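Undergrad: Contents are mmCIF, C-alpha atoms and all ligand atoms; file name coords-v2.cif:
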```cif
data_query
loop_
_atom_site.label_atom_id
_atom_site.label_comp_id
_atom_site.auth_asym_id
_atom_site.auth_seq_id
_atom_site.Cartn_x
_atom_site.Cartn_y
_atom_site.Cartn_z
CA MET X 1 0.00 0.00 0.00
CA ASN X 2 1.50 3.36 -0.96
CA VAL X 3 1.26 6.43 1.21
CA ILE X 4 -1.61 8.01 -0.73
CA GLU X 5 -3.66 4.81 -0.54
CA ALA X 6 -2.98 4.57 3.19
CA VAL X 7 -3.99 8.17 3.84
CA LYS X 8 -7.22 7.64 1.90
CA LYS X 9 -7.98 4.24 3.42
CA ARG X 10 -7.47 5.17 7.08
CA LYS X 11 -10.70 5.62 8.94
CA SER X 12 -11.85 5.18 12.51
CA ILE X 13 -12.82 1.58 13.26
CA ARG X 14 -15.46 1.08 15.94
CA GLY X 15 -16.05 -2.68 15.61
CA TYR X 16 -13.33 -5.35 15.79
CA LYS X 17 -12.90 -9.08 15.36
CA PRO X 18 -11.95 -10.74 18.64
CA ASP X 19 -8.71 -12.14 17.12
CA PRO X 20 -5.72 -11.10 19.21
CA VAL X 21 -3.02 -8.92 17.67
CA PRO X 22 0.40 -10.57 18.06
CA LYS X 23 2.76 -8.63 20.32
CA GLU X 24 5.40 -8.82 17.56
CA VAL X 25 3.09 -6.96 15.16
CA LEU X 26 2.29 -4.26 17.73
CA LYS X 27 6.01 -3.92 18.41
CA GLN X 28 6.76 -3.40 14.73
CA ILE X 29 4.02 -0.77 14.45
CA LEU X 30 5.31 1.17 17.44
CA GLU X 31 8.91 0.93 16.22
CA LEU X 32 7.89 2.28 12.81
CA ALA X 33 5.69 4.98 14.37
CA SER X 34 8.53 6.13 16.57
CA HIS X 35 10.10 7.49 13.35
CA ALA X 36 7.50 10.28 13.55
CA PRO X 37 8.96 13.79 13.78
CA SER X 38 9.10 15.69 17.05
CA ALA X 39 10.29 19.14 18.00
CA MET X 40 14.10 19.03 18.24
CA ASN X 41 13.78 15.23 18.22
CA THR X 42 12.52 15.33 21.82
CA GLN X 43 10.26 12.26 21.29
CA PRO X 44 7.99 13.27 24.18
CA TRP X 45 5.85 10.12 24.21
CA GLU X 46 5.41 6.87 26.08
CA PHE X 47 3.29 3.85 25.23
CA THR X 48 1.36 1.54 27.52
CA VAL X 49 0.00 -1.36 25.47
CA LEU X 50 -2.89 -3.29 27.00
CA THR X 51 -4.51 -6.58 26.10
CA GLY X 52 -5.99 -9.67 27.79
CA ASP X 53 -7.21 -9.58 31.39
CA ILE X 54 -5.69 -6.18 32.10
CA LEU X 55 -7.56 -4.60 29.22
CA GLU X 56 -10.75 -6.36 30.37
CA ASN X 57 -10.29 -4.86 33.84
CA VAL X 58 -9.79 -1.41 32.37
CA ARG X 59 -12.92 -1.76 30.20
CA ARG X 60 -14.97 -2.94 33.19
CA SER X 61 -13.78 -0.13 35.48
CA ASN X 62 -14.29 2.55 32.82
CA VAL X 63 -17.87 1.41 32.27
CA GLU X 64 -18.54 1.15 36.01
CA LEU X 65 -17.36 4.72 36.51
CA LEU X 66 -19.34 5.94 33.51
CA ASN X 67 -22.53 4.29 34.77
CA SER X 68 -21.97 5.53 38.31
CA GLY X 69 -22.20 9.06 36.92
CA ALA X 70 -18.53 9.84 37.68
CA LEU X 71 -17.49 12.89 35.71
CA PRO X 72 -14.73 12.26 33.16
CA ASN X 73 -11.46 13.65 34.36
CA PRO X 74 -9.14 13.76 31.31
CA GLU X 75 -5.60 15.09 31.61
CA HIS X 76 -5.80 16.41 28.06
CA VAL X 77 -9.18 17.95 27.33
CA VAL X 78 -10.51 17.39 23.80
CA VAL X 79 -14.28 17.78 24.16
CA GLY X 80 -15.98 21.20 24.31
CA TRP X 81 -17.03 22.90 21.09
CA PRO X 82 -18.89 26.26 21.09
CA ARG X 83 -22.57 25.39 20.59
CA GLU X 84 -23.22 27.47 17.49
CA SER X 85 -19.91 26.69 15.81
CA ILE X 86 -19.17 24.67 12.67
CA TYR X 87 -17.08 22.38 14.89
CA ARG X 88 -20.09 21.43 16.98
CA GLN X 89 -22.12 21.00 13.77
CA ARG X 90 -19.54 18.55 12.39
CA GLN X 91 -19.65 16.59 15.64
CA VAL X 92 -23.44 16.42 15.43
CA ASP X 93 -23.24 15.28 11.77
CA LEU X 94 -20.89 12.45 12.76
CA ALA X 95 -23.10 11.37 15.66
CA LYS X 96 -26.18 11.38 13.40
CA GLN X 97 -24.42 9.20 10.84
CA LEU X 98 -23.19 6.76 13.48
CA PHE X 99 -26.59 6.52 15.20
CA GLN X 100 -28.32 5.95 11.87
CA LEU X 101 -25.91 3.17 10.91
CA MET X 102 -26.24 1.60 14.37
CA ASP X 103 -30.03 1.95 14.29
CA ILE X 104 -30.12 4.07 17.44
CA PRO X 105 -33.16 6.37 17.47
CA ARG X 106 -32.53 9.80 19.04
CA GLU X 107 -35.05 9.16 21.84
CA ASP X 108 -33.76 5.66 22.71
CA LYS X 109 -31.74 6.53 25.82
CA GLU X 110 -30.84 2.92 26.56
CA LYS X 111 -29.34 2.25 23.13
CA ARG X 112 -27.50 5.58 23.25
CA ALA X 113 -26.04 4.70 26.65
CA LYS X 114 -24.93 1.29 25.34
CA TRP X 115 -23.23 2.95 22.39
CA LEU X 116 -21.46 5.39 24.72
CA GLU X 117 -20.19 2.46 26.77
CA ARG X 118 -18.57 0.96 23.67
CA GLY X 119 -16.21 3.93 23.43
CA PHE X 120 -15.21 3.46 27.06
CA ARG X 121 -14.59 -0.22 26.23
CA TYR X 122 -12.19 0.66 23.37
CA PHE X 123 -14.88 -0.63 21.03
CA ASP X 124 -14.00 -4.14 22.29
CA ALA X 125 -10.74 -4.04 20.35
CA PRO X 126 -8.32 -6.81 21.34
CA ALA X 127 -5.65 -4.24 22.25
CA ALA X 128 -5.37 -0.61 23.28
CA ILE X 129 -2.40 1.72 23.16
CA ILE X 130 -2.31 4.47 25.77
CA ILE X 131 -0.08 7.44 24.97
CA SER X 132 1.29 9.60 27.71
CA THR X 133 3.89 12.31 28.04
CA ASP X 134 6.11 13.66 30.79
CA ARG X 135 4.58 16.21 33.13
CA CYS X 136 7.93 18.05 33.24
CA LEU X 137 7.08 19.25 29.69
CA SER X 138 4.67 22.08 28.99
CA GLU X 139 1.01 21.08 28.62
CA SER X 140 0.71 21.99 24.94
CA GLY X 141 4.33 21.44 23.84
CA PRO X 142 4.24 17.69 23.15
CA LEU X 143 0.80 17.68 21.51
CA LEU X 144 1.93 18.35 17.92
CA ASP X 145 4.55 15.62 18.25
CA ILE X 146 2.01 13.17 19.65
CA GLY X 147 -0.43 14.04 16.86
CA ALA X 148 2.22 13.16 14.26
CA LEU X 149 2.99 9.98 16.16
CA ILE X 150 -0.64 8.89 16.38
CA GLN X 151 -1.31 9.39 12.66
CA THR X 152 1.84 7.40 11.91
CA ILE X 153 0.57 4.55 14.11
CA CYS X 154 -2.81 4.62 12.33
CA LEU X 155 -1.22 4.53 8.86
CA THR X 156 1.35 1.89 9.75
CA ALA X 157 -1.35 -0.31 11.28
CA LEU X 158 -3.03 -0.52 7.86
CA HIS X 159 0.04 -2.26 6.46
CA PHE X 160 -0.63 -5.11 8.90
CA GLY X 161 -4.36 -5.27 8.08
CA LEU X 162 -5.24 -3.54 11.35
CA GLY X 163 -7.73 -0.79 12.06
CA THR X 164 -7.57 1.87 14.75
CA CYS X 165 -9.70 4.43 16.51
CA ILE X 166 -8.08 7.37 18.27
CA GLU X 167 -10.00 7.92 21.48
CA ASP X 168 -10.30 10.57 24.12
CA GLN X 169 -13.08 8.45 25.68
CA GLY X 170 -10.45 5.79 26.39
CA VAL X 171 -8.50 8.14 28.67
CA ALA X 172 -11.46 9.89 30.31
CA TYR X 173 -10.79 8.11 33.62
CA PRO X 174 -6.99 8.32 34.04
CA GLU X 175 -7.21 6.78 37.52
CA VAL X 176 -8.25 3.47 35.93
CA LEU X 177 -5.23 3.49 33.62
CA ARG X 178 -2.91 4.46 36.45
CA ASN X 179 -4.25 1.59 38.53
CA TYR X 180 -4.16 -1.22 35.94
CA GLY X 181 -1.58 0.24 33.53
CA HIS X 182 0.84 1.31 36.29
CA ILE X 183 1.20 4.76 34.69
CA LEU X 184 3.08 7.04 37.04
CA ASP X 185 1.68 10.34 38.34
CA SER X 186 4.65 12.04 36.71
CA LYS X 187 3.14 11.21 33.29
CA ARG X 188 0.24 13.05 31.64
CA ILE X 189 -2.12 10.69 29.84
CA ILE X 190 -3.03 12.15 26.43
CA ALA X 191 -4.89 9.68 24.23
CA ALA X 192 -5.84 6.08 23.62
CA LEU X 193 -5.93 4.06 20.44
CA ALA X 194 -8.12 1.04 19.99
CA ILE X 195 -6.37 -1.38 17.61
CA GLY X 196 -7.36 -4.68 16.05
CA TYR X 197 -8.62 -6.44 12.94
CA PRO X 198 -11.69 -4.59 11.62
CA ALA X 199 -15.06 -6.37 11.62
CA TRP X 200 -16.04 -4.90 8.25
CA ASP X 201 -19.67 -5.96 8.59
CA PHE X 202 -20.04 -3.92 11.81
CA PRO X 203 -22.41 -1.08 10.80
CA ALA X 204 -20.45 1.79 12.38
CA ASN X 205 -17.43 0.86 10.27
CA LYS X 206 -19.39 1.92 7.20
CA VAL X 207 -19.36 5.56 8.32
CA GLU X 208 -17.96 7.89 5.66
CA THR X 209 -16.87 11.15 7.22
CA GLU X 210 -16.81 14.16 4.93
CA ARG X 211 -14.09 16.73 4.53
CA GLU X 212 -14.39 20.41 3.80
CA PRO X 213 -12.95 21.33 0.38
CA ILE X 214 -9.52 22.86 0.96
CA LYS X 215 -10.56 26.07 -0.82
CA ASN X 216 -12.68 26.84 2.27
CA PHE X 217 -9.72 26.94 4.63
CA THR X 218 -6.67 27.67 2.47
CA THR X 219 -5.17 31.03 1.52
CA TRP X 220 -2.85 30.98 -1.49
CA LEU X 221 -0.42 33.87 -1.81
CA GLY X 222 2.20 34.66 -4.43
CA PHE X 223 0.80 32.27 -7.08
CA ASP X 224 -0.27 33.61 -10.46
C1 LIG I 301 -8.04 13.59 19.35
C2 LIG I 301 -9.10 12.63 18.84
C3 LIG I 301 -9.97 12.06 19.75
C4 LIG I 301 -10.96 11.17 19.30
N1 LIG I 301 -11.78 10.57 20.21
C5 LIG I 301 -12.73 9.72 19.79
C6 LIG I 301 -13.55 9.04 20.73
O1 LIG I 301 -13.40 9.20 21.94
N2 LIG I 301 -14.50 8.20 20.27
C7 LIG I 301 -14.68 7.98 18.92
O2 LIG I 301 -15.57 7.21 18.56
N3 LIG I 301 -13.89 8.58 18.01
C8 LIG I 301 -12.92 9.44 18.41
N4 LIG I 301 -12.10 10.04 17.50
C9 LIG I 301 -12.24 9.72 16.06
C10 LIG I 301 -12.91 10.87 15.29
O3 LIG I 301 -14.29 10.88 15.55
C11 LIG I 301 -12.63 10.64 13.79
O4 LIG I 301 -11.26 10.74 13.54
C12 LIG I 301 -13.36 11.67 12.92
O5 LIG I 301 -14.75 11.52 13.03
C13 LIG I 301 -12.97 11.52 11.44
O6 LIG I 301 -13.32 10.22 10.99
P1 LIG I 301 -12.27 9.19 10.43
O7 LIG I 301 -11.21 8.97 11.49
O8 LIG I 301 -13.06 7.94 10.15
O9 LIG I 301 -11.65 9.79 9.19
C14 LIG I 301 -11.09 10.90 17.91
C15 LIG I 301 -10.18 11.47 17.01
C16 LIG I 301 -9.20 12.32 17.47
C17 LIG I 301 -8.21 12.90 16.49
#
```
Written as structure tokens, that's how I'd like the structure from this file.
Ligand SMILES: Cc1cc2nc3c(=O)[nH]c(=O)nc-3n(C[C@H](O)[C@H](O)[C@H](O)COP(=O)(O)O)c2cc1C
TA:
Amino acid sequence: MNVIEAVKKRKSIRGYKPDPVPKEVLKQILELASHAPSAMNTQPWEFTVLTGDILENVRRSNVELLNSGALPNPEHVVVGWPRESIYRQRQVDLAKQLFQLMDIPREDKEKRAKWLERGFRYFDAPAAIIISTDRCLSESGPLLDIGALIQTICLTALHFGLGTCIEDQGVAYPEVLRNYGHILDSKRIIAALAIGYPAWDFPANKVETEREPIKNFTTWLGFD
């Protein structure tokens, strides 16, 4: 697969086959992804890779906290778009598409709650990668580097027939990850990635997100 194919093919996968991902494959992906650029080659990232019983414990605790009404407590806040903004509108468009594909009517609170749980369960992927950074660094400094890293993981995963979903839901309860993943307080937990072999017949995997034409957000200067 060439780079252009990979960029076009990558999409968020929200339904996985139960087949485990061999550790050797995950290792290769992370080694390749660690070639991602970072400011002054600082490489401000750390991986915690979860599978098996430990991942099951994390899933269970996340869902317990969610259903207990515990407020998410992320160490890197992603959610929060101004209500009248185009950003909020795009989020609503995505949710509508997902709910339609998953046959979740707007008023069906139970089905909506079950769908929400899936995100906190890493969409039942056989593995999850938690990405953290060092608290001695500034809060925003490592984020560009980690963004480049995450996209590199997602693209590299395709080479091995794997799908991914970047998730802020997966790090909404950092205390769970610190407990089961032994992540030190000196690390700031930034994002999770669900990773596994896509279940292509899972309805949510059929979602086709749209992109704004680049003319709407690009200024060209100095061209004739
Ligand atoms: C920082 C970040 C956080 C995300 N968190 C979630 C999440 O918690 N749950 C989810 O279902 N998707 C999550 N996504 C996936 C986005 O919804 C997805 O990338 C976007 O809708 C574009 O769709 P695509 O990835 O299929 O191209 C996240 C993506 C990013 C970059």
Undergrad: Point out the residue among X:Glu75, X:Glu139, X:Asp201, X:Asp93 with the least atom-to-atom distance to ligand LIG 301 (chain I), counting only C-alpha atoms and all ligand atoms.
TA: X:Asp93
Undergrad: Which chains and residue numbers are within 9 Å of ligand LIG 301 (chain I), counting all atoms listed in the file, if I want them as a VMD selection string?
TA: chain X and resid 8 to 14 78 to 79 90 to 91 94 to 95 116 118 to 120 122 to 123 147 150 to 151 164 to 172 190 to 193 205 207 to 211
Undergrad: With a distance cut-off of 9 Å and all atoms listed in the file, select the neighbouring residues of Trp115 in chain X, excluding the residue or stretch itself and same-chain residues fewer than 6 positions from it, and output the selection as a list of chain:residue names.
TA: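 The residues satisfying every condition are X:Phe99, X:Met102, X:Ile104.
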Undergrad: For Met1 in chain X, which of X:Asn67, X:Ser138, X:Thr156, X:Gln43 is the closest residue, counting only C-alpha atoms?
TA: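 Closest to Met1 in chain X of all the choices is X:Thr156.
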Undergrad: Just checking: using all atoms listed in the file, which residue out of X:Leu32, X:Ala125, X:Leu144, X:Ile130 ends up closest to Ile183 in chain X?
TA: X:Ile130
Undergrad: Quick one: 4 Å padding each side, axis-aligned, all listed atoms of range 22-29 of chain X - centre and edge lengths in Å to one decimal, as JSON?
TA:
```
{"center_x": 3.6, "center_y": -5.7, "center_z": 17.4, "size_x": 14.4, "size_y": 17.8, "size_z": 13.9}
```
Undergrad: For range 109-215 of chain X versus range 16-23 of chain X, which residues have an atom no more than 7 Å away, and what is each residue's nearest atom pair and distance in Å rounded to one decimal, using all atoms listed in the file, chain-then-number order, as a tab-separated table?
TA:
```
residue	atom	partner	partner_atom	distance
X:Asp124	CA	X:Tyr16	CA	6.6
X:Ala125	CA	X:Tyr16	CA	5.4
X:Pro126	CA	X:Pro20	CA	5.4
X:Gly196	CA	X:Tyr16	CA	6.0
X:Tyr197	CA	X:Lys17	CA	5.6
X:Pro198	CA	X:Tyr16	CA	4.5
X:Ala199	CA	X:Tyr16	CA	4.6
```
Undergrad: Might you pull out every residue within 12 Å of Thr42 in chain X, with only C-alpha atoms counted and same-chain residues fewer than 2 positions away left off, and present them as number ranges by chain?
TA: X: 34-40, 44-46, 133-134, 137, 141-146
Undergrad: Record the distance separating CA of Pro72 in chain X and CA of Tyr173 in chain X, expressed in Å with one decimal.
TA: 5.7 Å
Undergrad: Please, could N, CA and C atoms be added to range 8-37 of chain X and the result written as a PDB file, in the coordinates of the input?
TA:
```pdb
ATOM      1  N   LYS X   8      -5.809   7.677   2.301  1.00  0.00           N
ATOM      2  CA  LYS X   8      -7.220   7.640   1.900  1.00  0.00           C
ATOM      3  C   LYS X   8      -7.974   6.518   2.615  1.00  0.00           C
ATOM      4  N   LYS X   9      -7.295   5.411   2.864  1.00  0.00           N
ATOM      5  CA  LYS X   9      -7.980   4.240   3.420  1.00  0.00           C
ATOM      6  C   LYS X   9      -8.198   4.355   4.938  1.00  0.00           C
ATOM      7  N   ARG X  10      -7.332   5.102   5.620  1.00  0.00           N
ATOM      8  CA  ARG X  10      -7.470   5.170   7.080  1.00  0.00           C
ATOM      9  C   ARG X  10      -8.812   5.750   7.480  1.00  0.00           C
ATOM     10  N   LYS X  11      -9.469   5.094   8.379  1.00  0.00           N
ATOM     11  CA  LYS X  11     -10.700   5.620   8.940  1.00  0.00           C
ATOM     12  C   LYS X  11     -10.837   5.065  10.351  1.00  0.00           C
ATOM     13  N   SER X  12     -11.676   5.670  11.146  1.00  0.00           N
ATOM     14  CA  SER X  12     -11.850   5.180  12.510  1.00  0.00           C
ATOM     15  C   SER X  12     -12.668   3.898  12.503  1.00  0.00           C
ATOM     16  N   ILE X  13     -12.168   2.893  13.188  1.00  0.00           N
ATOM     17  CA  ILE X  13     -12.820   1.580  13.260  1.00  0.00           C
ATOM     18  C   ILE X  13     -13.434   1.423  14.641  1.00  0.00           C
ATOM     19  N   ARG X  14     -14.741   1.155  14.661  1.00  0.00           N
ATOM     20  CA  ARG X  14     -15.460   1.080  15.940  1.00  0.00           C
ATOM     21  C   ARG X  14     -16.093  -0.289  16.167  1.00  0.00           C
ATOM     22  N   GLY X  15     -15.625  -1.292  15.408  1.00  0.00           N
ATOM     23  CA  GLY X  15     -16.050  -2.680  15.610  1.00  0.00           C
ATOM     24  C   GLY X  15     -14.920  -3.594  15.168  1.00  0.00           C
ATOM     25  N   TYR X  16     -14.533  -4.527  16.042  1.00  0.00           N
ATOM     26  CA  TYR X  16     -13.330  -5.350  15.790  1.00  0.00           C
ATOM     27  C   TYR X  16     -13.647  -6.823  15.886  1.00  0.00           C
ATOM     28  N   LYS X  17     -12.854  -7.631  15.145  1.00  0.00           N
ATOM     29  CA  LYS X  17     -12.900  -9.080  15.360  1.00  0.00           C
ATOM     30  C   LYS X  17     -12.217  -9.360  16.700  1.00  0.00           C
ATOM     31  N   PRO X  18     -12.581 -10.467  17.343  1.00  0.00           N
ATOM     32  CA  PRO X  18     -11.950 -10.740  18.640  1.00  0.00           C
ATOM     33  C   PRO X  18     -10.500 -11.239  18.512  1.00  0.00           C
ATOM     34  N   ASP X  19     -10.059 -11.565  17.307  1.00  0.00           N
ATOM     35  CA  ASP X  19      -8.710 -12.140  17.120  1.00  0.00           C
ATOM     36  C   ASP X  19      -7.636 -11.263  17.778  1.00  0.00           C
ATOM     37  N   PRO X  20      -6.770 -11.892  18.571  1.00  0.00           N
ATOM     38  CA  PRO X  20      -5.720 -11.100  19.210  1.00  0.00           C
ATOM     39  C   PRO X  20      -4.702 -10.564  18.188  1.00  0.00           C
ATOM     40  N   VAL X  21      -4.088  -9.455  18.521  1.00  0.00           N
ATOM     41  CA  VAL X  21      -3.020  -8.920  17.670  1.00  0.00           C
ATOM     42  C   VAL X  21      -1.694  -9.378  18.269  1.00  0.00           C
ATOM     43  N   PRO X  22      -0.859 -10.099  17.484  1.00  0.00           N
ATOM     44  CA  PRO X  22       0.400 -10.570  18.060  1.00  0.00           C
ATOM     45  C   PRO X  22       1.264  -9.412  18.579  1.00  0.00           C
ATOM     46  N   LYS X  23       1.909  -9.667  19.714  1.00  0.00           N
ATOM     47  CA  LYS X  23       2.760  -8.630  20.320  1.00  0.00           C
ATOM     48  C   LYS X  23       3.825  -8.171  19.314  1.00  0.00           C
ATOM     49  N   GLU X  24       4.345  -9.135  18.525  1.00  0.00           N
ATOM     50  CA  GLU X  24       5.400  -8.820  17.560  1.00  0.00           C
ATOM     51  C   GLU X  24       4.924  -7.784  16.535  1.00  0.00           C
ATOM     52  N   VAL X  25       3.655  -7.910  16.130  1.00  0.00           N
ATOM     53  CA  VAL X  25       3.090  -6.960  15.160  1.00  0.00           C
ATOM     54  C   VAL X  25       2.965  -5.572  15.807  1.00  0.00           C
ATOM     55  N   LEU X  26       2.441  -5.552  17.030  1.00  0.00           N
ATOM     56  CA  LEU X  26       2.290  -4.260  17.730  1.00  0.00           C
ATOM     57  C   LEU X  26       3.662  -3.611  17.927  1.00  0.00           C
ATOM     58  N   LYS X  27       4.643  -4.449  18.213  1.00  0.00           N
ATOM     59  CA  LYS X  27       6.010  -3.920  18.410  1.00  0.00           C
ATOM     60  C   LYS X  27       6.526  -3.269  17.133  1.00  0.00           C
ATOM     61  N   GLN X  28       6.300  -3.951  16.011  1.00  0.00           N
ATOM     62  CA  GLN X  28       6.760  -3.400  14.730  1.00  0.00           C
ATOM     63  C   GLN X  28       6.078  -2.070  14.439  1.00  0.00           C
ATOM     64  N   ILE X  29       4.766  -2.013  14.707  1.00  0.00           N
ATOM     65  CA  ILE X  29       4.020  -0.770  14.450  1.00  0.00           C
ATOM     66  C   ILE X  29       4.592   0.376  15.291  1.00  0.00           C
ATOM     67  N   LEU X  30       4.828   0.088  16.566  1.00  0.00           N
ATOM     68  CA  LEU X  30       5.310   1.170  17.440  1.00  0.00           C
ATOM     69  C   LEU X  30       6.733   1.573  17.073  1.00  0.00           C
ATOM     70  N   GLU X  31       7.544   0.580  16.657  1.00  0.00           N
ATOM     71  CA  GLU X  31       8.910   0.930  16.220  1.00  0.00           C
ATOM     72  C   GLU X  31       8.865   1.838  14.996  1.00  0.00           C
ATOM     73  N   LEU X  32       8.004   1.459  14.029  1.00  0.00           N
ATOM     74  CA  LEU X  32       7.890   2.280  12.810  1.00  0.00           C
ATOM     75  C   LEU X  32       7.340   3.667  13.168  1.00  0.00           C
ATOM     76  N   ALA X  33       6.309   3.705  14.021  1.00  0.00           N
ATOM     77  CA  ALA X  33       5.690   4.980  14.370  1.00  0.00           C
ATOM     78  C   ALA X  33       6.646   5.892  15.121  1.00  0.00           C
ATOM     79  N   SER X  34       7.600   5.292  15.811  1.00  0.00           N
ATOM     80  CA  SER X  34       8.530   6.130  16.570  1.00  0.00           C
ATOM     81  C   SER X  34       9.479   6.902  15.645  1.00  0.00           C
ATOM     82  N   HIS X  35       9.366   6.659  14.313  1.00  0.00           N
ATOM     83  CA  HIS X  35      10.100   7.490  13.350  1.00  0.00           C
ATOM     84  C   HIS X  35       9.393   8.827  13.117  1.00  0.00           C
ATOM     85  N   ALA X  36       8.244   9.019  13.719  1.00  0.00           N
ATOM     86  CA  ALA X  36       7.500  10.280  13.550  1.00  0.00           C
ATOM     87  C   ALA X  36       8.379  11.454  13.996  1.00  0.00           C
ATOM     88  N   PRO X  37       8.158  12.618  13.370  1.00  0.00           N
ATOM     89  CA  PRO X  37       8.960  13.790  13.780  1.00  0.00           C
ATOM     90  C   PRO X  37       8.521  14.322  15.129  1.00  0.00           C
TER      91      PRO X  37
END
```
